Amino acid sequence: MSEKYKEYKGLNLVDIEKNIQNYWKQEQTFEQSMKIREGNKPFIFFEGPPSANGKPGIHHVMARTIKDIFCRYKSLKGYYVSRKAGWDTHGLPVELGVEKQLGITKEDIGTKISVEDYNKACRESVMQFKDLWDKLTEQMGYWVDLNDPYITFTNEYIESVWWLLGEIYNKGLLYKGYTIQPYSPAAGTGLSSHELNMPGCYRDVKDTTCVAQFKICNKQTKENEILNRLGKDIEKAYFLAWTTTPWTLPSNTALAVGDKIDYCCVESFNPYTADSIIVILAKNLLYTHFKKETENADFSAYNKGDKDIPWKLLFECKGKELVGIDYEQLIPWIRPQESEGEAFKVISGDYVTTEDGTGIVHIAPTFGADDARVAKLSNIAPLHLVDKNGKQQPMVDKSGKFFLMEDLDEEYVNKYIDKDLYKKYEGRFVKNAYDTTLTEKDATLDVDLSVELKMENKAFKIEKHTHSYPHCWRTDKPVLYYPLDSWFIRTTEIKDKLISLNKTINWKPQATGTGRFGNWLENLVDWNLSRSRFWGTPLPIWRTEDGKEEIFINSVQKLSEQIDKSIQAGFMKDNPYKTDDYNAFDLHRPYIDKVILVSESGKPMKRESDLIDVWFDSGAMPFAQRHYPFECTTEELKAKYFPADFIAEGVDQTRGWFFTLHAIATMVMGDVSYKNVVSNGLVLDKQGNKMSKRLGNGVDPFEMMNKYGADATRWYMISNSQPWDNLKFDPEGIDEIRRKFFGTLYNTYSFFALYANIDAFAYKEQEIEYNKRPEIDRWILSLLNTLIKDVDNDLNDYEPTRAARRISNFVCEDLSNWYVRLCRRRFWKGEYTEDKISAYQTLYRCLEIVSQLGSSFAPFFMDEMYRNLNNVSHRHEFASVHLTEFPQYNDNEIDKDLEARMNLAQKICSLVLSLRKRHNLKVRQPLAKIMIPCDATTKAHIEKVKNLILSEVNVKEIEYLDLHNNVLSKTIKANFKTLGPKYGKIMKSLAAKIVAFTQEEIAELETSGSYSLDIDGTAVVLELNDVEIATKDIEGWVVANEGQLTVALDVTITDALRKEAVSRELVNRIQNIRKDNDFEVTDNIIVKIENDELLAAAVEMYRDYICGETLTKELTLVDTIANPTTKIDIIECKELAIEITKA
RNA sequence: AGUCGCGUAGCUCAGUUGGUUAGAGCACUACACUGAUAAUGUAGGGGUCGGCAGUUCAAGUCUGCCCGCGACUACCA
C-alpha cells in the first residue's frame, strides 16, 4: 500500500477547518448527508428565525451549536433531518433601526417620508447582515439549508399567517378590545412589552403617594349591615385607599376589596386636620397606620399636631360585607357618564392583597389594567370624557396632560364637568417629565392634589415612596398606562388545553417547562396582537365605519374576489391582487391600505390599521415556512413537517417563540408544536456580566473562531457548563480545550500515524478475535463500548454536556494517558506480530469511534481525523464521518470486571510511584518487589494485570500477603451507613470507640466475625460489615495506602539492580543524543564510551538490551575518546565522554 | 415588587437515596520522566461548600429566613 496516514507538523485547527470547509463545499457533503437518508423516518427540527438586521454575537454560536449537535446526531442515527433556515424580517427592532438610520421619528412616517419608501427601506435593511450571518453559519459548521430559507416578509409567508389567524378568527378567538397599555406620551406611541423589557427601562423613582379618605355616603341605595352598625357615625366614616399615582384620583370610579380579607372599623383623628373620623381598612394593615401603643388612649387628651394619635377598634367584618357600599366622589371635577355604568361603589377585586397600602384599592378604570378588568366585571363606569369628534377619551390626552375643556365636546362639558373646579387643573401634565417647561424641582401634580386633599380632610397619609417604574427607552421618560384600541387573541379561553399539552413536552431543563413556562401559562392573559406600526404583517380585517360589519381575509384569492366585488360596487377601480404571480403584488402597507371592500349591506369597509405582533410571525413558521395550506396539504404537513421533534433557543424565548409556537399550534391544530425543547442560558462575559453594547463587553464570534477554531469554540461552550446554565465566556477556556482535548487527541492520532505508516498498517488484516487480544486492549475496548452506549444515551436525553465530557475524559485519561502510554512499546518494538496488529486495530478503532461520537460536537476536526484514517483503510464506504452511521456498542465487549481490575492497577501504580517519589527512587531504577495485603479475589484480579503494573513501575515481582498476617498493622473505622440507622443516638461515642480499637480487638472482630461492646449502657454487636478495616503499615517496609488498598515497596537496591539501572540510564542518554543529533528513528549507530568499572559491569550484563534498544551495532568502552559527542553523567559524581556515529 | 435559577479552591466545574478526611481540570510551586516531546507523571499549597437558623446520631446535600448575581414577570393600590 502506498497510501499513508496524514502526518502534521503541528496542530492548527483553523487550517484544518478551512480545508474541511472547502472539502464539504466541493463534495456537497451536507447535501449528500441529506440525500442518503431521504425517505428515512424524519426527525423534525424547526429553526428559530434570527433577524438579519443585527450582527451575530457569540451567544448565537452557543444556540446554534446545540441545534447542530442534535441534528447531526439524529442524522447519524439514520433519521432524515430537514433543516430549513429562516429569517425574521418584521417588527419594531427593524423599524427602529431604520428610523435611526434615516434620522426620523415615527411621526415623520407618512409626512416626511412616504410609507412606501419607508417600508422599502425596512425591506432592504432587514437583510443588511445576511452575508455576515451566512459566514457565521458556514464558519462554525452549522448545517442548515440556506438555499431555501423561509422569509417572513414574503407574500406566501404572510398569506399563511393570514390563514392561521383566520382559523383563530373562525373559532371566535379574535376580538377587538379597549385596554390599558403602556404608552409613551413623549414619543406619542404605544409600547410593546418587548420595548418595556429593554435593559434599563425599569428604574427606581420616588413618587408622592397618598392614602385618601373616601367618604361613605349617607344616602345609600341599598340596606347594608355595616352601615347599620355605623349608625349616626356614618357622617364621619371613610374608606382608606392608597395610591402611588394621586393624579389618577380624579378618575376614580370605584374601590375594590378582597372578599375574604378581614377589615376593621377604627375611630380616630385625621392627623392633618385633627377632625374626628372613622375609617375602614384591612385588619392586617391596622398597625402600619395606627400605633399599637396609642390604642384606646385618651381621646379627650388629643390635640391637633400631636404625634401620638389615640384610636379604638369599633368592629371587624369581611370584605364581602363591604361590597356594594356607596361613597362620595373624592374629587368631583367630572362625573362619569351614567350610560357607561355605575360609579363610586365598593366592588370585589380578586387581586386585592394586604401586602401594602390599606387593603382597599382605588380603581381608575382608564389607567390600570386590573382596574379596568374588575370594573367591567362589576359594571362600573370608567371616567370617560367626550372629545370634539365625539370620541370617548380618558381624562388625560395623548400628550400626557389633563384635557383642555376647549378640546372637548361643548355639550358634554356643560353636562358633566364642574368647570370652576376643573379650570384650575385643565391642561396640567400628569408627570413633570412630559412638560418641557417644568423640571424635577417643580411641584408635581401629585403633590398639589395631595395637599388639596389634606386641606379638605380627605388625605390620611402623604409620603414619598420609591418603586420601580418603566421608562420609554426612546425618550427616557416615564411610561403611562393608557387605554387604547387593540385586537386580541382570547388565549385565556384555551388556557387549559395549553397547560395540558405543555405537560407532554420534554423540557430541558425541566424546571423551565414546569416553572417559568408553566407559571406563565397559569397566569395567561389575552394576547395583544396589535401594533400601530408600518413594517409588518397587516391585520387582514376590514370593517365598516360603525364597526358593525367586518370581513376576515385569509387568502390572496379571497382578497382578490372581494376586491372584484368592491370594484362592482364602485369602491375600487382595479385589482392588483388578481394574479397567480406572487411577485407581482405586495401585501404590506401602504398597498394593502388602498383596498376598500364592500360589506354585505353595501357599505365601504376599511382595513383595521394595525399590524400584527411579529411574534405571531415567528410562531407561525411551522406552517408558513411550507406555505401551508396553499402549497402543502395537511397530510403532508403532519407526515413530514409537524410537530417538531426538537427545537432549541435561548431561555429568553420562553415567553417569546416557545410560547407563540405552542399557542398557535394548540389553537390551529390542537396539538403541541414541539416534543423536545432545549432552552439554553445566557452567554455572559468572563466576569459574569451580561454582554451588552453599552458595556462593550461583547465577544466577536469570528475573532474567536479565527483564533482558536470553531471546533474548540463549540467544544468549550458545550463542555464547560450545562447549556441551560449561564456560561461565563472566557477565551482562555477555549484555548485550554484546544490544548487539552484537541491537543491530546491530535497527539494520539499522530502517534498512531507515525508507527502505522512505518509498519504500513492499513487495517487489511483479519480482525483479531476479541478473546485473543491482550488484557489492555480488551480493557480500552470495554471502555470504548461503554462510551458509545453512554454518549448515545446522553444525546438521546438531550444532555450534550455530559456526552462531551465523557468523550474528553475517554480521550485524555483512558486512551492517551493510560492505553497509549502503556502500549507505546508494542507499536515501535519488534516484528509485525499478532500482538502488534491487535494494538493497531484497537487504537485505530478507538480513534475512528471517537471521530464518530465527537463529530456532532467538533464537525471539522473529527471529519479530518476520520478521513485520514479511512483514506488509508477504506473500512467505510463513506468519505465523510457525517455520512456514517452512529456506532453500535457491543455488550460482549463490555467487561466491568476488567475495568475494575485496571482501576486497581492504576491505583497500585500511583501508590508505587508516590513511594518512589518519597524515597527519591527514579523509575529507571528497577526494584525487587512490592507487597500487597489482600484477599483471594483481589489477588486474582491483580494477577491478571500484574505485568502492566510491573513494567509501569519498574519492579520485578508482586508478593501477596494474607490479610491476617501478623506483620500488618491495621486501622478500623465505623461504617456510618450501616451503624447510623441502628445506633443513631450513640453514634458519636460508638465511632470514637471503634477508631480506638487495639490491634488485638481488630483481630478478634476479624476472626470471630463479630464483637460485642457497651456504649453508654447500650449493648452493641458489631459485625464485619459494620466497620471498615484497612492495613496501615507493614513492619520494615515503606508503605502507602489509599482507601482499602495498601502497597509496600522493597527499596533495597542490590548490585544487580544497580547495574540494570545503569544500563537503563545509558539507553536513555544514547536515545537523547540520537534525538539531539537528529538521527532517524531507524538509523544504526556505533557507540564509544569512556571506561568505568560500574559501567563496564553493566554493559557486560546488559549489552544485548542496550544495543537492541538503541540500534547500536558496536558498543565499546575505551580509555580515551578523541572527539566525544558529549558527556554523560550516569554514574554518580562522574562524567563520562561518549561518541556516537552512524553505522 | 414577585417568581424561577445560580452561589463549592485564584478561575471553570463535578459532587449519587443525607454517611467517614468535599473532588477534577486550569493556574501556581517542587521533583521526576523523556523514540507521543509545543507532550507527560508524581507530590504540594490553596475551601467557614454565600450567611444565619432549624430538622437529624450525621447537612455541601433536606427546611426556613437573609445576602449577592442573573433571567423572567409586573405600574396589584
# chains A, B, ... in the order shown; residues from 1 in each chain; ligands from 1

call {"tool": "interface_residues", "arguments": {"of": "chain A", "to": "chain B", "cutoff": "7 Å", "atoms": "only C-alpha atoms (C1' of nucleotides)", "output": "list in words"}}
result
Trp242, Thr243, Tyr351, Val352, Gly357, Val361, His362, Tyr469, Gly515, Arg516, Asn720, Asn747, Thr748, Phe751, Leu913, Ser914, Lys917, Phe976, Lys977, Gly980, Gly984, Lys985, Ile986, Met987, Lys988 and Val1081 of chain A

call {"tool": "atom_distance", "arguments": {"atom1": "atom CA of A:Ile1053", "atom2": "atom CA of A:Leu927"}}
result
6.6 Å

call {"tool": "atom_distance", "arguments": {"atom1": "atom C1' of B:G46", "atom2": "atom C1' of B:A22"}}
result
14.0 Å

call {"tool": "select_by_dssp", "arguments": {"residues": "stretch 325-375 of chain A", "states": "alpha helix (DSSP H)", "output": "PyMOL selection string"}}
result
chain A and resi 369-375

call {"tool": "write_last_selection", "arguments": {"atoms": "all heavy atoms", "output": "mmCIF file, in the first residue's frame"}}
result
data_model
loop_
_atom_site.group_PDB
_atom_site.id
_atom_site.type_symbol
_atom_site.label_atom_id
_atom_site.label_comp_id
_atom_site.auth_asym_id
_atom_site.auth_seq_id
_atom_site.Cartn_x
_atom_site.Cartn_y
_atom_site.Cartn_z
ATOM 1 N N ALA A 369 -54.745 48.317 34.198
ATOM 2 C CA ALA A 369 -55.251 47.140 33.509
ATOM 3 C C ALA A 369 -56.167 46.332 34.427
ATOM 4 O O ALA A 369 -57.272 45.947 34.043
ATOM 5 C CB ALA A 369 -54.098 46.281 33.026
ATOM 6 N N ASP A 370 -55.712 46.098 35.651
ATOM 7 C CA ASP A 370 -56.536 45.351 36.599
ATOM 8 C C ASP A 370 -57.798 46.141 36.940
ATOM 9 O O ASP A 370 -58.885 45.578 37.084
ATOM 10 C CB ASP A 370 -55.743 45.076 37.885
ATOM 11 C CG ASP A 370 -54.850 43.860 37.733
ATOM 12 O OD1 ASP A 370 -55.310 42.866 37.137
ATOM 13 O OD2 ASP A 370 -53.705 43.909 38.214
ATOM 14 N N ASP A 371 -57.612 47.440 37.079
ATOM 15 C CA ASP A 371 -58.742 48.310 37.406
ATOM 16 C C ASP A 371 -59.839 48.156 36.367
ATOM 17 O O ASP A 371 -61.024 47.978 36.685
ATOM 18 C CB ASP A 371 -58.303 49.785 37.421
ATOM 19 C CG ASP A 371 -57.173 50.047 38.387
ATOM 20 O OD1 ASP A 371 -56.317 49.153 38.526
ATOM 21 O OD2 ASP A 371 -57.131 51.134 38.994
ATOM 22 N N ALA A 372 -59.421 48.213 35.112
ATOM 23 C CA ALA A 372 -60.397 48.131 34.025
ATOM 24 C C ALA A 372 -61.117 46.793 34.063
ATOM 25 O O ALA A 372 -62.325 46.716 33.857
ATOM 26 C CB ALA A 372 -59.684 48.311 32.687
ATOM 27 N N ARG A 373 -60.356 45.756 34.350
ATOM 28 C CA ARG A 373 -60.938 44.419 34.337
ATOM 29 C C ARG A 373 -61.984 44.239 35.434
ATOM 30 O O ARG A 373 -63.120 43.842 35.171
ATOM 31 C CB ARG A 373 -59.814 43.384 34.506
ATOM 32 C CG ARG A 373 -60.249 41.954 34.351
ATOM 33 C CD ARG A 373 -59.039 41.033 34.335
ATOM 34 N NE ARG A 373 -58.170 41.225 35.498
ATOM 35 C CZ ARG A 373 -58.392 40.696 36.699
ATOM 36 N NH1 ARG A 373 -59.442 39.932 36.890
ATOM 37 N NH2 ARG A 373 -57.580 40.925 37.696
ATOM 38 N N VAL A 374 -61.627 44.569 36.682
ATOM 39 C CA VAL A 374 -62.594 44.355 37.769
ATOM 40 C C VAL A 374 -63.756 45.328 37.666
ATOM 41 O O VAL A 374 -64.877 44.998 38.030
ATOM 42 C CB VAL A 374 -61.938 44.446 39.169
ATOM 43 C CG1 VAL A 374 -60.944 43.325 39.362
ATOM 44 C CG2 VAL A 374 -61.322 45.799 39.429
ATOM 45 N N ALA A 375 -63.487 46.528 37.148
ATOM 46 C CA ALA A 375 -64.561 47.499 36.997
ATOM 47 C C ALA A 375 -65.606 46.961 36.027
ATOM 48 O O ALA A 375 -66.807 47.031 36.269
ATOM 49 C CB ALA A 375 -63.998 48.826 36.496
#

call {"tool": "select_by_dssp", "arguments": {"residues": "stretch 346-383 of chain A", "states": "strand (DSSP E)", "output": "PyMOL selection string"}}
result
chain A and resi 346-348+360-363

call {"tool": "residues_around", "arguments": {"residues": "A:Ala274", "least_positions_apart": "3", "cutoff": "12 Å", "atoms": "only C-alpha atoms (C1' of nucleotides)", "output": "PDB file with N, CA and C atoms, in the first residue's frame"}}
result
ATOM      1  N   SER A 268     -60.761  57.428  65.162  1.00  0.00           N
ATOM      2  CA  SER A 268     -59.518  58.138  65.476  1.00  0.00           C
ATOM      3  C   SER A 268     -59.645  59.582  64.986  1.00  0.00           C
ATOM      4  N   PHE A 269     -58.463  60.213  64.762  1.00  0.00           N
ATOM      5  CA  PHE A 269     -58.462  61.585  64.254  1.00  0.00           C
ATOM      6  C   PHE A 269     -57.657  61.664  62.978  1.00  0.00           C
ATOM      7  N   ASN A 270     -58.028  62.606  62.118  1.00  0.00           N
ATOM      8  CA  ASN A 270     -57.201  62.846  60.944  1.00  0.00           C
ATOM      9  C   ASN A 270     -55.936  63.561  61.398  1.00  0.00           C
ATOM     10  N   PRO A 271     -54.764  63.033  61.049  1.00  0.00           N
ATOM     11  CA  PRO A 271     -53.517  63.581  61.576  1.00  0.00           C
ATOM     12  C   PRO A 271     -53.221  64.999  61.088  1.00  0.00           C
ATOM     13  N   ILE A 277     -62.632  61.100  63.008  1.00  0.00           N
ATOM     14  CA  ILE A 277     -63.003  60.275  61.855  1.00  0.00           C
ATOM     15  C   ILE A 277     -63.181  58.819  62.250  1.00  0.00           C
ATOM     16  N   PHE A 299     -58.956  59.920  74.253  1.00  0.00           N
ATOM     17  CA  PHE A 299     -59.349  60.738  73.104  1.00  0.00           C
ATOM     18  C   PHE A 299     -59.387  62.216  73.466  1.00  0.00           C
ATOM     19  N   SER A 300     -59.811  62.497  74.689  1.00  0.00           N
ATOM     20  CA  SER A 300     -60.015  63.896  75.058  1.00  0.00           C
ATOM     21  C   SER A 300     -58.690  64.629  75.235  1.00  0.00           C
ATOM     22  N   TYR A 302     -56.219  64.438  73.222  1.00  0.00           N
ATOM     23  CA  TYR A 302     -55.551  64.650  71.935  1.00  0.00           C
ATOM     24  C   TYR A 302     -55.679  66.096  71.474  1.00  0.00           C
ATOM     25  N   ASN A 303     -54.526  66.621  71.045  1.00  0.00           N
ATOM     26  CA  ASN A 303     -54.544  67.963  70.466  1.00  0.00           C
ATOM     27  C   ASN A 303     -53.997  67.889  69.054  1.00  0.00           C
ATOM     28  N   LYS A 304     -54.458  68.797  68.222  1.00  0.00           N
ATOM     29  CA  LYS A 304     -54.020  68.834  66.831  1.00  0.00           C
ATOM     30  C   LYS A 304     -52.497  68.917  66.763  1.00  0.00           C
ATOM     31  N   GLY A 305     -51.904  68.072  65.912  1.00  0.00           N
ATOM     32  CA  GLY A 305     -50.456  68.095  65.749  1.00  0.00           C
ATOM     33  C   GLY A 305     -49.740  67.100  66.640  1.00  0.00           C
ATOM     34  N   ASP A 306     -50.409  66.527  67.641  1.00  0.00           N
ATOM     35  CA  ASP A 306     -49.768  65.511  68.494  1.00  0.00           C
ATOM     36  C   ASP A 306     -49.302  64.339  67.635  1.00  0.00           C
ATOM     37  N   LYS A 307     -48.132  63.868  68.008  1.00  0.00           N
ATOM     38  CA  LYS A 307     -47.622  62.723  67.248  1.00  0.00           C
ATOM     39  C   LYS A 307     -48.401  61.453  67.540  1.00  0.00           C
ATOM     40  N   ASP A 308     -48.722  61.265  68.805  1.00  0.00           N
ATOM     41  CA  ASP A 308     -49.470  60.055  69.188  1.00  0.00           C
ATOM     42  C   ASP A 308     -50.959  60.308  69.066  1.00  0.00           C
ATOM     43  N   ILE A 309     -51.558  59.548  68.190  1.00  0.00           N
ATOM     44  CA  ILE A 309     -52.981  59.750  67.931  1.00  0.00           C
ATOM     45  C   ILE A 309     -53.768  58.593  68.534  1.00  0.00           C
ATOM     46  N   PRO A 310     -54.657  58.866  69.433  1.00  0.00           N
ATOM     47  CA  PRO A 310     -55.442  57.779  70.043  1.00  0.00           C
ATOM     48  C   PRO A 310     -56.413  57.164  69.027  1.00  0.00           C
ATOM     49  N   LYS A 454     -55.454  67.156  51.596  1.00  0.00           N
ATOM     50  CA  LYS A 454     -55.083  67.306  53.003  1.00  0.00           C
ATOM     51  C   LYS A 454     -55.913  68.415  53.657  1.00  0.00           C
ATOM     52  N   MET A 455     -56.048  69.522  52.952  1.00  0.00           N
ATOM     53  CA  MET A 455     -56.800  70.650  53.488  1.00  0.00           C
ATOM     54  C   MET A 455     -58.261  70.293  53.692  1.00  0.00           C
ATOM     55  N   GLU A 456     -58.753  69.386  52.854  1.00  0.00           N
ATOM     56  CA  GLU A 456     -60.191  69.087  52.877  1.00  0.00           C
ATOM     57  C   GLU A 456     -60.520  67.893  53.758  1.00  0.00           C
ATOM     58  N   ASN A 457     -59.572  67.468  54.599  1.00  0.00           N
ATOM     59  CA  ASN A 457     -59.787  66.280  55.427  1.00  0.00           C
ATOM     60  C   ASN A 457     -60.076  65.049  54.559  1.00  0.00           C
ATOM     61  N   LYS A 458     -59.354  64.958  53.436  1.00  0.00           N
ATOM     62  CA  LYS A 458     -59.563  63.808  52.552  1.00  0.00           C
ATOM     63  C   LYS A 458     -58.280  62.991  52.395  1.00  0.00           C
ATOM     64  N   ALA A 459     -57.209  63.452  53.036  1.00  0.00           N
ATOM     65  CA  ALA A 459     -55.959  62.696  52.949  1.00  0.00           C
ATOM     66  C   ALA A 459     -55.587  62.223  54.342  1.00  0.00           C
ATOM     67  N   PHE A 460     -55.297  60.917  54.446  1.00  0.00           N
ATOM     68  CA  PHE A 460     -54.971  60.350  55.755  1.00  0.00           C
ATOM     69  C   PHE A 460     -53.455  60.302  55.944  1.00  0.00           C
TER      70      PHE A 460
END

call {"tool": "residues_around", "arguments": {"residues": "stretch 330-344 of chain A", "least_positions_apart": "3", "cutoff": "7 Å", "atoms": "only C-alpha atoms (C1' of nucleotides)", "output": "ChimeraX atom specification"}}
result
/A:214,250,253-254,326-327,379-384,416-418,421-422

call {"tool": "residues_around", "arguments": {"residues": "A:Glu316", "least_positions_apart": "5", "cutoff": "8 Å", "atoms": "only C-alpha atoms (C1' of nucleotides)", "output": "list in words"}}
result
Asp262, Tyr263, Cys264, Cys265 and Lys283 of chain A

call {"tool": "write_last_selection", "arguments": {"atoms": "all heavy atoms", "output": "tab-separated table (two decimals), in the first residue's frame"}}
result
chain	number	residue	atom	x	y	z
A	262	ASP	N	-60.08	40.25	55.97
A	262	ASP	CA	-60.69	40.84	57.17
A	262	ASP	C	-60.44	42.33	57.20
A	262	ASP	O	-59.31	42.78	57.01
A	262	ASP	CB	-60.09	40.21	58.43
A	262	ASP	CG	-60.55	38.77	58.59
A	262	ASP	OD1	-61.77	38.55	58.44
A	262	ASP	OD2	-59.70	37.90	58.84
A	263	TYR	N	-61.49	43.07	57.42
A	263	TYR	CA	-61.37	44.52	57.55
A	263	TYR	C	-61.79	44.94	58.95
A	263	TYR	O	-62.44	44.19	59.67
A	263	TYR	CB	-62.25	45.23	56.51
A	263	TYR	CG	-61.71	45.03	55.10
A	263	TYR	CD1	-62.05	43.90	54.37
A	263	TYR	CD2	-60.83	45.95	54.54
A	263	TYR	CE1	-61.54	43.69	53.10
A	263	TYR	CE2	-60.30	45.75	53.26
A	263	TYR	CZ	-60.66	44.63	52.55
A	263	TYR	OH	-60.15	44.43	51.31
A	264	CYS	N	-61.39	46.16	59.31
A	264	CYS	CA	-61.85	46.64	60.60
A	264	CYS	C	-62.21	48.11	60.52
A	264	CYS	O	-61.79	48.83	59.61
A	264	CYS	CB	-60.80	46.38	61.67
A	264	CYS	SG	-59.24	47.15	61.29
A	265	CYS	N	-62.99	48.51	61.48
A	265	CYS	CA	-63.50	49.87	61.53
A	265	CYS	C	-62.90	50.53	62.76
A	265	CYS	O	-63.00	50.01	63.86
A	265	CYS	CB	-65.02	49.78	61.61
A	265	CYS	SG	-65.81	51.36	61.45
A	283	LYS	N	-57.55	44.58	58.31
A	283	LYS	CA	-57.10	44.30	59.68
A	283	LYS	C	-55.58	44.07	59.73
A	283	LYS	O	-54.91	44.54	60.63
A	283	LYS	CB	-57.84	43.06	60.18
A	283	LYS	CG	-57.70	42.80	61.65
A	283	LYS	CD	-58.46	41.53	61.98
A	283	LYS	CE	-57.93	40.93	63.28
A	283	LYS	NZ	-58.39	39.54	63.41

call {"tool": "atom_distance", "arguments": {"atom1": "atom C1' of B:G15", "atom2": "atom C1' of B:U63"}}
result
20.9 Å
